[in-house]
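Trainee: Please find work-v5.cif (mmCIF, C-alpha atoms and all ligand atoms) on the next line:
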data_target
loop_
_atom_site.group_PDB
_atom_site.id
_atom_site.type_symbol
_atom_site.label_atom_id
_atom_site.label_comp_id
_atom_site.auth_asym_id
_atom_site.auth_seq_id
_atom_site.Cartn_x
_atom_site.Cartn_y
_atom_site.Cartn_z
ATOM 1 C CA MET I 30 115.301 201.585 190.314
ATOM 2 C CA LYS I 31 118.611 200.052 191.299
ATOM 3 C CA SER I 32 120.443 203.351 191.718
ATOM 4 C CA LEU I 33 117.580 204.693 193.803
ATOM 5 C CA THR I 34 117.909 201.772 196.193
ATOM 6 C CA ILE I 35 121.647 202.259 196.433
ATOM 7 C CA THR I 36 121.272 205.968 197.157
ATOM 8 C CA ALA I 37 118.722 205.267 199.850
ATOM 9 C CA THR I 38 120.984 202.657 201.397
ATOM 10 C CA LEU I 39 123.984 204.970 201.402
ATOM 11 C CA ALA I 40 121.898 207.692 203.003
ATOM 12 C CA THR I 41 120.969 205.279 205.783
ATOM 13 C CA LEU I 42 124.574 204.296 206.327
ATOM 14 C CA ALA I 43 125.876 207.840 206.354
ATOM 15 C CA VAL I 44 124.211 208.757 209.631
ATOM 16 C CA ALA I 45 124.607 206.802 212.828
ATOM 17 C CA PRO I 46 121.499 206.419 214.983
ATOM 18 C CA LEU I 47 120.967 209.115 217.574
ATOM 19 C CA THR I 48 120.204 206.762 220.400
ATOM 20 C CA SER I 49 121.867 203.522 221.071
ATOM 21 C CA ALA I 50 120.050 200.526 222.356
ATOM 22 C CA TRP I 51 117.744 199.451 225.076
ATOM 23 C CA GLY I 52 118.464 202.205 227.558
ATOM 24 C CA ASP I 53 120.710 201.330 230.453
ATOM 25 C CA LEU I 54 117.806 199.949 232.480
ATOM 26 C CA GLY I 55 116.994 197.370 229.822
ATOM 27 C CA HIS I 56 120.614 196.317 229.346
ATOM 28 C CA ARG I 57 121.273 196.074 233.061
ATOM 29 C CA THR I 58 118.165 193.950 233.494
ATOM 30 C CA VAL I 59 119.235 191.588 230.726
ATOM 31 C CA GLY I 60 122.620 191.199 232.460
ATOM 32 C CA TYR I 61 121.167 190.491 235.888
ATOM 33 C CA LEU I 62 118.563 188.180 234.432
ATOM 34 C CA ALA I 63 121.159 186.159 232.517
ATOM 35 C CA GLN I 64 122.970 185.550 235.804
ATOM 36 C CA HIS I 65 119.949 183.645 237.099
ATOM 37 C CA TYR I 66 120.330 181.151 234.248
ATOM 38 C CA PHE I 67 124.091 180.623 234.377
ATOM 39 C CA THR I 68 125.447 177.152 234.996
ATOM 40 C CA ASP I 69 128.229 176.962 237.580
ATOM 41 C CA ALA I 70 130.761 176.826 234.758
ATOM 42 C CA ALA I 71 129.303 179.944 233.178
ATOM 43 C CA SER I 72 129.371 181.808 236.504
ATOM 44 C CA GLN I 73 133.008 180.891 236.924
ATOM 45 C CA LEU I 74 133.868 181.944 233.405
ATOM 46 C CA VAL I 75 132.174 185.320 233.838
ATOM 47 C CA GLN I 76 133.827 185.789 237.214
ATOM 48 C CA ALA I 77 137.247 185.070 235.719
ATOM 49 C CA ILE I 78 136.854 187.113 232.567
ATOM 50 C CA LEU I 79 134.768 190.060 233.741
ATOM 51 C CA GLN I 80 136.390 190.246 237.184
ATOM 52 C CA PRO I 81 133.453 192.110 238.706
ATOM 53 C CA THR I 82 133.997 194.455 241.645
ATOM 54 C CA ASP I 83 131.685 196.305 244.038
ATOM 55 C CA THR I 84 131.378 199.117 241.540
ATOM 56 C CA PHE I 85 131.517 197.159 238.293
ATOM 57 C CA ASP I 86 129.087 194.259 238.129
ATOM 58 C CA ILE I 87 127.622 192.309 235.219
ATOM 59 C CA SER I 88 125.122 195.085 234.521
ATOM 60 C CA ASP I 89 127.951 197.587 234.157
ATOM 61 C CA GLY I 90 129.518 195.178 231.691
ATOM 62 C CA ALA I 91 126.248 195.100 229.777
ATOM 63 C CA VAL I 92 126.110 198.889 229.345
ATOM 64 C CA TRP I 93 129.838 199.320 228.633
ATOM 65 C CA PRO I 94 129.583 199.050 224.800
ATOM 66 C CA ASP I 95 127.355 202.147 224.783
ATOM 67 C CA LYS I 96 129.934 204.032 226.812
ATOM 68 C CA VAL I 97 132.754 203.339 224.339
ATOM 69 C CA ARG I 98 130.659 203.716 221.253
ATOM 70 C CA ARG I 99 131.593 207.332 220.540
ATOM 71 C CA ARG I 100 135.282 206.759 221.127
ATOM 72 C CA ARG I 101 135.240 203.609 219.018
ATOM 73 C CA GLU I 102 133.378 204.713 215.959
ATOM 74 C CA TYR I 103 133.996 201.369 214.236
ATOM 75 C CA THR I 104 131.698 199.691 216.784
ATOM 76 C CA ALA I 105 128.687 201.930 216.065
ATOM 77 C CA GLY I 106 127.247 199.597 213.434
ATOM 78 C CA TRP I 107 127.479 196.570 215.710
ATOM 79 C CA HIS I 108 124.431 197.534 217.784
ATOM 80 C CA PHE I 109 121.719 196.862 215.207
ATOM 81 C CA ILE I 110 120.863 195.327 211.863
ATOM 82 C CA ASP I 111 119.300 197.743 209.390
ATOM 83 C CA ALA I 112 116.722 195.431 207.840
ATOM 84 C CA GLU I 113 115.694 197.035 204.561
ATOM 85 C CA ASP I 114 112.151 195.687 204.673
ATOM 86 C CA THR I 115 108.897 197.562 204.220
ATOM 87 C CA PRO I 116 106.847 197.705 207.408
ATOM 88 C CA PRO I 117 103.996 197.446 208.039
ATOM 89 C CA GLN I 118 103.440 195.374 204.852
ATOM 90 C CA TYR I 119 106.473 193.108 204.949
ATOM 91 C CA CYS I 120 109.099 192.409 207.529
ATOM 92 C CA SER I 121 112.243 190.423 206.979
ATOM 93 C CA VAL I 122 115.861 190.238 207.964
ATOM 94 C CA ASP I 123 118.294 189.131 205.292
ATOM 95 C CA TYR I 124 121.868 188.722 206.391
ATOM 96 C CA SER I 125 123.474 189.326 203.012
ATOM 97 C CA ARG I 126 121.221 192.283 202.229
ATOM 98 C CA ASP I 127 121.249 193.915 205.646
ATOM 99 C CA CYS I 128 124.699 193.309 207.098
ATOM 100 C CA PRO I 129 127.272 195.417 205.228
ATOM 101 C CA GLY I 130 130.676 193.738 205.238
ATOM 102 C CA ARG I 131 132.795 196.718 206.200
ATOM 103 C CA LYS I 132 130.610 198.199 208.904
ATOM 104 C CA GLY I 133 129.141 194.977 210.252
ATOM 105 C CA CYS I 134 125.874 194.607 212.153
ATOM 106 C CA VAL I 135 124.645 193.123 215.403
ATOM 107 C CA ILE I 136 124.724 189.627 213.941
ATOM 108 C CA SER I 137 128.289 189.766 212.618
ATOM 109 C CA ALA I 138 129.275 191.359 215.927
ATOM 110 C CA ILE I 139 127.727 188.487 217.905
ATOM 111 C CA ILE I 140 129.537 185.978 215.675
ATOM 112 C CA ASN I 141 132.854 187.798 216.039
ATOM 113 C CA GLN I 142 132.676 188.395 219.771
ATOM 114 C CA THR I 143 131.459 184.851 220.500
ATOM 115 C CA ALA I 144 134.485 183.518 218.646
ATOM 116 C CA LEU I 145 136.850 185.856 220.505
ATOM 117 C CA LEU I 146 135.348 185.014 223.895
ATOM 118 C CA SER I 147 135.596 181.279 223.227
ATOM 119 C CA ASP I 148 139.169 181.472 221.987
ATOM 120 C CA THR I 149 141.428 180.917 224.982
ATOM 121 C CA SER I 150 144.472 181.985 222.978
ATOM 122 C CA GLN I 151 143.136 185.563 222.877
ATOM 123 C CA ASP I 152 144.536 188.003 225.419
ATOM 124 C CA THR I 153 142.657 188.923 228.602
ATOM 125 C CA THR I 154 141.505 192.327 227.392
ATOM 126 C CA THR I 155 140.099 190.977 224.141
ATOM 127 C CA ARG I 156 138.084 188.293 225.941
ATOM 128 C CA ASN I 157 136.961 190.734 228.626
ATOM 129 C CA GLU I 158 135.693 193.129 225.972
ATOM 130 C CA ALA I 159 134.153 190.295 223.945
ATOM 131 C CA LEU I 160 132.116 189.273 226.982
ATOM 132 C CA LYS I 161 130.933 192.848 227.551
ATOM 133 C CA TYR I 162 129.995 193.208 223.886
ATOM 134 C CA LEU I 163 127.996 189.984 224.075
ATOM 135 C CA LEU I 164 126.230 191.033 227.266
ATOM 136 C CA HIS I 165 125.102 194.068 225.312
ATOM 137 C CA PHE I 166 124.405 192.770 221.816
ATOM 138 C CA LEU I 167 122.244 189.866 222.965
ATOM 139 C CA GLY I 168 120.101 192.621 224.463
ATOM 140 C CA ASP I 169 120.123 194.794 221.366
ATOM 141 C CA VAL I 170 119.078 192.025 219.016
ATOM 142 C CA HIS I 171 115.825 191.771 221.032
ATOM 143 C CA GLN I 172 114.864 195.457 220.630
ATOM 144 C CA PRO I 173 112.501 195.522 217.614
ATOM 145 C CA LEU I 174 113.799 198.840 216.294
ATOM 146 C CA HIS I 175 117.344 197.480 216.331
ATOM 147 C CA THR I 176 116.271 195.130 213.565
ATOM 148 C CA GLU I 177 114.753 197.794 211.318
ATOM 149 C CA ALA I 178 116.208 200.376 208.912
ATOM 150 C CA ILE I 179 113.179 202.597 208.402
ATOM 151 C CA ASP I 180 113.815 206.186 209.501
ATOM 152 C CA ARG I 181 117.047 205.047 211.087
ATOM 153 C CA GLY I 182 115.355 202.501 213.307
ATOM 154 C CA GLY I 183 112.637 204.993 214.223
ATOM 155 C CA ASN I 184 115.124 207.649 215.361
ATOM 156 C CA GLN I 185 113.577 210.077 212.898
ATOM 157 C CA ILE I 186 109.978 209.442 213.907
ATOM 158 C CA LYS I 187 109.042 212.234 216.278
ATOM 159 C CA VAL I 188 106.558 211.225 218.946
ATOM 160 C CA CYS I 189 105.428 212.286 222.418
ATOM 161 C CA PHE I 190 105.225 210.251 225.597
ATOM 162 C CA ASP I 191 103.044 210.952 228.635
ATOM 163 C CA GLY I 192 102.600 214.586 227.719
ATOM 164 C CA SER I 193 106.245 215.239 226.906
ATOM 165 C CA CYS I 194 107.118 216.146 223.347
ATOM 166 C CA ARG I 195 110.669 217.196 224.102
ATOM 167 C CA LYS I 196 113.140 217.688 221.311
ATOM 168 C CA ASN I 197 114.868 214.442 220.262
ATOM 169 C CA LEU I 198 112.107 212.275 221.668
ATOM 170 C CA ASN I 199 111.475 209.698 218.986
ATOM 171 C CA LEU I 200 110.035 206.242 218.484
ATOM 172 C CA HIS I 201 113.376 204.539 218.977
ATOM 173 C CA GLU I 202 113.969 206.252 222.296
ATOM 174 C CA VAL I 203 110.445 205.372 223.423
ATOM 175 C CA TRP I 204 111.211 201.671 222.921
ATOM 176 C CA ASP I 205 114.732 201.898 224.351
ATOM 177 C CA THR I 206 113.958 203.845 227.445
ATOM 178 C CA GLU I 207 110.507 205.364 227.971
ATOM 179 C CA ILE I 208 108.587 202.090 227.981
ATOM 180 C CA PRO I 209 111.031 200.150 230.215
ATOM 181 C CA ASN I 210 111.205 203.107 232.604
ATOM 182 C CA LYS I 211 107.426 203.440 232.784
ATOM 183 C CA ILE I 212 106.969 199.719 233.447
ATOM 184 C CA ASN I 213 109.214 200.166 236.487
ATOM 185 C CA GLY I 214 108.118 203.627 237.572
ATOM 186 C CA LEU I 215 111.644 204.900 236.964
ATOM 187 C CA LYS I 216 112.071 208.580 236.159
ATOM 188 C CA ARG I 217 114.330 209.934 233.422
ATOM 189 C CA GLU I 218 118.058 209.928 234.018
ATOM 190 C CA PRO I 219 118.071 208.137 237.384
ATOM 191 C CA LYS I 220 121.152 207.778 239.563
ATOM 192 C CA VAL I 221 123.178 204.668 238.735
ATOM 193 C CA ASP I 222 122.423 203.007 242.086
ATOM 194 C CA GLU I 223 118.719 203.495 241.674
ATOM 195 C CA GLU I 224 118.876 202.207 238.127
ATOM 196 C CA LYS I 225 120.785 199.095 239.193
ATOM 197 C CA GLU I 226 118.370 198.438 242.038
ATOM 198 C CA THR I 227 115.420 198.728 239.674
ATOM 199 C CA ALA I 228 117.085 196.453 237.128
ATOM 200 C CA LYS I 229 117.862 193.842 239.784
ATOM 201 C CA ASN I 230 114.282 193.828 241.023
ATOM 202 C CA TRP I 231 112.884 193.632 237.528
ATOM 203 C CA ALA I 232 115.196 190.735 236.699
ATOM 204 C CA ASP I 233 114.194 188.892 239.901
ATOM 205 C CA GLU I 234 110.540 189.428 239.108
ATOM 206 C CA MET I 235 110.917 188.087 235.587
ATOM 207 C CA PHE I 236 112.950 185.133 236.736
ATOM 208 C CA GLN I 237 110.293 184.209 239.282
ATOM 209 C CA SER I 238 107.474 184.599 236.773
ATOM 210 C CA GLY I 239 109.525 182.055 234.855
ATOM 211 C CA GLY I 240 108.145 182.195 231.313
ATOM 212 C CA LYS I 241 109.900 179.625 229.168
ATOM 213 C CA ILE I 242 111.570 180.973 226.037
ATOM 214 C CA SER I 243 112.787 178.929 223.082
ATOM 215 C CA ILE I 244 116.558 178.897 223.044
ATOM 216 C CA CYS I 245 118.714 178.303 220.010
ATOM 217 C CA ASP I 246 121.558 175.853 220.441
ATOM 218 C CA PHE I 247 124.519 178.237 220.223
ATOM 219 C CA THR I 248 127.639 176.441 219.009
ATOM 220 C CA ALA I 249 130.635 177.624 217.048
ATOM 221 C CA SER I 250 128.968 176.590 213.793
ATOM 222 C CA SER I 251 125.448 177.799 214.587
ATOM 223 C CA THR I 252 126.184 181.294 215.910
ATOM 224 C CA GLN I 253 125.086 182.998 212.710
ATOM 225 C CA ASP I 254 121.886 180.973 212.374
ATOM 226 C CA CYS I 255 120.996 181.530 216.024
ATOM 227 C CA ALA I 256 121.652 185.271 216.027
ATOM 228 C CA LEU I 257 119.753 185.609 212.768
ATOM 229 C CA GLN I 258 116.839 183.611 214.147
ATOM 230 C CA TYR I 259 116.639 185.920 217.170
ATOM 231 C CA ALA I 260 116.800 188.997 214.931
ATOM 232 C CA LYS I 261 114.021 187.638 212.722
ATOM 233 C CA GLU I 262 111.763 186.924 215.676
ATOM 234 C CA THR I 263 112.395 190.420 216.993
ATOM 235 C CA ASN I 264 111.765 191.980 213.600
ATOM 236 C CA VAL I 265 108.298 190.372 213.431
ATOM 237 C CA TYR I 266 107.207 192.777 216.183
ATOM 238 C CA VAL I 267 108.043 195.697 213.914
ATOM 239 C CA TYR I 268 105.100 194.872 211.754
ATOM 240 C CA SER I 269 102.822 193.117 214.204
ATOM 241 C CA TYR I 270 102.967 196.057 216.613
ATOM 242 C CA VAL I 271 105.712 198.708 216.588
ATOM 243 C CA LEU I 272 104.858 200.135 213.142
ATOM 244 C CA LYS I 273 101.534 198.435 212.531
ATOM 245 C CA ASP I 274 99.863 201.774 211.736
ATOM 246 C CA GLY I 275 102.756 202.913 209.587
ATOM 247 C CA VAL I 276 104.995 205.887 210.223
ATOM 248 C CA ASP I 277 102.152 208.348 209.534
ATOM 249 C CA GLY I 278 100.012 206.753 212.214
ATOM 250 C CA LEU I 279 102.687 207.409 214.841
ATOM 251 C CA GLU I 280 104.267 210.733 213.928
ATOM 252 C CA GLY I 281 103.445 213.324 216.596
ATOM 253 C CA GLN I 282 101.255 210.941 218.624
ATOM 254 C CA ASP I 283 101.493 210.550 222.378
ATOM 255 C CA LEU I 284 102.503 206.908 222.877
ATOM 256 C CA GLY I 285 102.128 206.869 226.658
ATOM 257 C CA GLY I 286 98.529 205.574 226.619
ATOM 258 C CA GLU I 287 97.011 202.803 224.566
ATOM 259 C CA TYR I 288 100.194 202.291 222.539
ATOM 260 C CA TYR I 289 102.164 201.839 225.754
ATOM 261 C CA ASP I 290 99.615 199.322 227.050
ATOM 262 C CA GLY I 291 100.196 197.119 224.024
ATOM 263 C CA ALA I 292 103.952 197.699 223.944
ATOM 264 C CA ALA I 293 104.757 196.921 227.575
ATOM 265 C CA PRO I 294 104.091 193.156 227.313
ATOM 266 C CA ILE I 295 106.294 193.005 224.202
ATOM 267 C CA VAL I 296 109.129 194.783 225.988
ATOM 268 C CA LYS I 297 108.813 192.429 228.957
ATOM 269 C CA ALA I 298 108.778 189.371 226.714
ATOM 270 C CA GLN I 299 111.811 190.542 224.774
ATOM 271 C CA ILE I 300 113.841 191.425 227.871
ATOM 272 C CA LEU I 301 112.989 188.021 229.319
ATOM 273 C CA ALA I 302 114.000 186.314 226.072
ATOM 274 C CA ALA I 303 117.252 188.266 225.910
ATOM 275 C CA GLY I 304 118.126 187.412 229.518
ATOM 276 C CA GLN I 305 117.400 183.703 229.148
ATOM 277 C CA ARG I 306 119.220 183.425 225.844
ATOM 278 C CA LEU I 307 122.216 185.374 227.070
ATOM 279 C CA GLY I 308 122.301 183.148 230.138
ATOM 280 C CA ALA I 309 122.176 180.045 227.967
HETATM 281 C C1 LIG I 401 135.999 191.591 215.705
HETATM 282 O O1 LIG I 401 136.258 192.142 216.978
HETATM 283 C C2 LIG I 401 137.510 192.779 217.099
HETATM 284 C C3 LIG I 401 137.694 193.160 218.565
HETATM 285 O O2 LIG I 401 136.609 193.948 219.025
HETATM 286 C C4 LIG I 401 137.577 193.960 216.153
HETATM 287 O O3 LIG I 401 138.826 194.579 216.230
HETATM 288 C C5 LIG I 401 137.280 193.493 214.740
HETATM 289 O O4 LIG I 401 137.189 194.631 213.906
HETATM 290 C C6 LIG I 401 135.987 192.718 214.692
HETATM 291 N N1 LIG I 401 135.788 192.168 213.365
HETATM 292 C C7 LIG I 401 134.600 192.181 212.779
HETATM 293 C C8 LIG I 401 134.569 191.575 211.421
HETATM 294 O O5 LIG I 401 133.601 192.638 213.314
#
Translate the structure described by the file into structure tokens.
Mentor:
Amino acid sequence: MKSLTITATLATLAVAPLTSAWGDLGHRTVGYLAQHYFTDAASQLVQAILQPTDTFDISDGAVWPDKVRRRREYTAGWHFIDAEDTPPQYCSVDYSRDCPGRKGCVISAIINQTALLSDTSQDTTTRNEALKYLLHFLGDVHQPLHTEAIDRGGNQIKVCFDGSCRKNLNLHEVWDTEIPNKINGLKREPKVDEEKETAKNWADEMFQSGGKISICDFTASSTQDCALQYAKETNVYVYSYVLKDGVDGLEGQDLGGEYYDGAAPIVKAQILAAGQRLGA
């Protein structure tokens, strides 16, 4: 029994996920949304550390970790936590079980980068990158399939969406990109300007709708508890909705209809939560 589990775990670790995170639209939206919640001090800190320009704003910072992910292989494991639970029966995130020491996970990455960002003795580049990692990982930890190991976070579950069954389309990608794009009427692979515009509008809309999200009190000593709490809340959606019919109930299905209708409010809620919590 034990060796079987170990083999399965190693098999999961051996292959990095095909897709990354919320697609760029989701990450950009989380970045813009967070800005709405910044205190003056936070705005100043971000201004000083990120040094945004006309062509590199907070949303570009939020998508940056995906752009360096191939070049920096050691960061690949920082985008998710492979919860070895058993959806749809049981969901759980267990830090010691699910966050391998060497490779890390989204929670250890949040702890590490929070510490680096807060440490004024670190050099400018380290703190600049730490901020960009945080802009990104606070988003990732709110994507349900970034808190789930099964079939590599759904990367191996082939599905269709709105009549397209293209190669590589899978459940993970549907949650990262297809659902957020459909909510906003954005087509596949938009131009950056159009994507930023859409993200800005979506963030404004969510800010105005103003749902209040519970926010963990992030301090140096509570970073792990807070990140873990967010991951656990996110992981609950894996069994309450994302995989509620099991893998067999999803494989090959077109998720653009009824499934989308139920998923869209979850995506909105999670992007809103990520933006508010990142802002805080
Ligand atoms: C912490 O972050 C630094 C800078 O990105 C990285 O070099 C280091 O490997 C990270 N450590 C852990 C334990 O994630």
Trainee: Mind giving me the straight-line distance from atom CA of Ala138 of chain I to atom CA of Ser72 of chain I in Å, one decimal?
Mentor: 22.7 Å
Trainee: Could you work out an axis-aligned bounding box for all listed atoms of segment 145-151 of chain I, with 8 Å added on each of the six sides, and give its centre and edge lengths in Å to one decimal, as JSON?
Mentor:
{"center_x": 139.9, "center_y": 183.4, "center_z": 222.7, "size_x": 25.1, "size_y": 20.9, "size_z": 20.5}
Trainee: At most 6 Å is the cut-off: for each residue in chain I with any atom that close to an atom of ligand LIG 401 (chain I), write down the nearest atom pair and the distance in Å rounded to one decimal, counting only C-alpha atoms and all ligand atoms, chain first then increasing number, as CSV.
Mentor:
residue,atom,partner,partner_atom,distance
I:Gly133,CA,I:LIG401,O5,5.9
I:Ala138,CA,I:LIG401,O5,5.2
I:Asn141,CA,I:LIG401,C1,4.9
I:Gln142,CA,I:LIG401,O1,5.9
Trainee: Which residue is closest to Ala70 of chain I? Choose from I:Trp93, I:Arg126, I:Val265, I:Ala309 and count all atoms listed in the file.
Mentor: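 Closest to Ala70 of chain I, using all atoms listed in the file: I:Ala309.
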Trainee: I would like the residues chosen by the PyMOL selection byres (((chain I and resi 148-163) around 10) and not hetatm) on the shown file; could you give them as a PyMOL selection string?
Mentor: chain I and resi 60+74-75+77-80+87-95+104+107-108+135+138-147+164-169+307
Trainee: Would you kindly translate the PyMOL selection byres (((chain I and resi 193) around 12) and not hetatm) into the concrete residues it picks from this file, as a VMD selection string?
Mentor: chain I and resid 187 to 192 194 to 199 203 207 217 281 to 285
Trainee: With C-alpha atoms retained, could you export that selection as a CSV table (one decimal), in the coordinates of the input?
Mentor:
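Listing of selection.csv after writing:
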chain,number,residue,atom,x,y,z
I,187,LYS,CA,109.0,212.2,216.3
I,188,VAL,CA,106.6,211.2,218.9
I,189,CYS,CA,105.4,212.3,222.4
I,190,PHE,CA,105.2,210.3,225.6
I,191,ASP,CA,103.0,211.0,228.6
I,192,GLY,CA,102.6,214.6,227.7
I,194,CYS,CA,107.1,216.1,223.3
I,195,ARG,CA,110.7,217.2,224.1
I,196,LYS,CA,113.1,217.7,221.3
I,197,ASN,CA,114.9,214.4,220.3
I,198,LEU,CA,112.1,212.3,221.7
I,199,ASN,CA,111.5,209.7,219.0
I,203,VAL,CA,110.4,205.4,223.4
I,207,GLU,CA,110.5,205.4,228.0
I,217,ARG,CA,114.3,209.9,233.4
I,281,GLY,CA,103.4,213.3,216.6
I,282,GLN,CA,101.3,210.9,218.6
I,283,ASP,CA,101.5,210.6,222.4
I,284,LEU,CA,102.5,206.9,222.9
I,285,GLY,CA,102.1,206.9,226.7
Trainee: Quick one: residues within 10 Å of Asn210 of chain I, only C-alpha atoms, excluding same-chain residues fewer than 6 positions away - as a PyMOL selection string?
Mentor: chain I and resi 52-55+203-204+216-219+224+227-228
Trainee: Between I:Gln76, I:Ser125, I:Asn213, I:Thr84, which residue has the minimum interatomic distance to Ala112 of chain I, considering all atoms listed in the file?
Mentor: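 The answer is I:Ser125, which sits nearest to Ala112 of chain I.
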Trainee: What does the distance between atom CA of Ala178 of chain I and atom CA of Arg306 of chain I come to in Å, to one decimal place?
Mentor: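 It comes out at 24.1 Å.
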Trainee: Please report the interatomic distance between atom CA of Gln172 of chain I and atom CA of Asp111 of chain I in Å with one decimal.
Mentor: 12.3 Å
Trainee: Using all atoms listed in the file, which residues sit within 8 Å of Ile300 of chain I once same-chain residues fewer than 2 positions away are excluded, as a ChimeraX atom specification?
Mentor: /I:55,58-59,168,171,296-298,302-304
Trainee: Identify all residues satisfying the PyMOL selection byres (((chain I and resi 244-258) around 7) and not hetatm) in the given file; provide them as a list in words.
Mentor: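 Applied to this file, the PyMOL selection byres (((chain I and resi 244-258) around 7) and not hetatm) returns Ile136, Ile140, Ile242, Ser243, Tyr259, Ala260, Lys261, Glu262 and Arg306 of chain I.
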Trainee: Could you check which of I:Arg181, I:Lys229, I:Lys273, I:Arg98 is closest to Ala63 of chain I, using all atoms listed in the file?
Mentor: I:Lys229
Trainee: Could you pull the residues within 12 Å of Gly278 of chain I, counting only C-alpha atoms, minus those fewer than 6 positions along the same chain, as a ChimeraX atom specification?
Mentor: /I:117,186-188,200,270-272,284,288
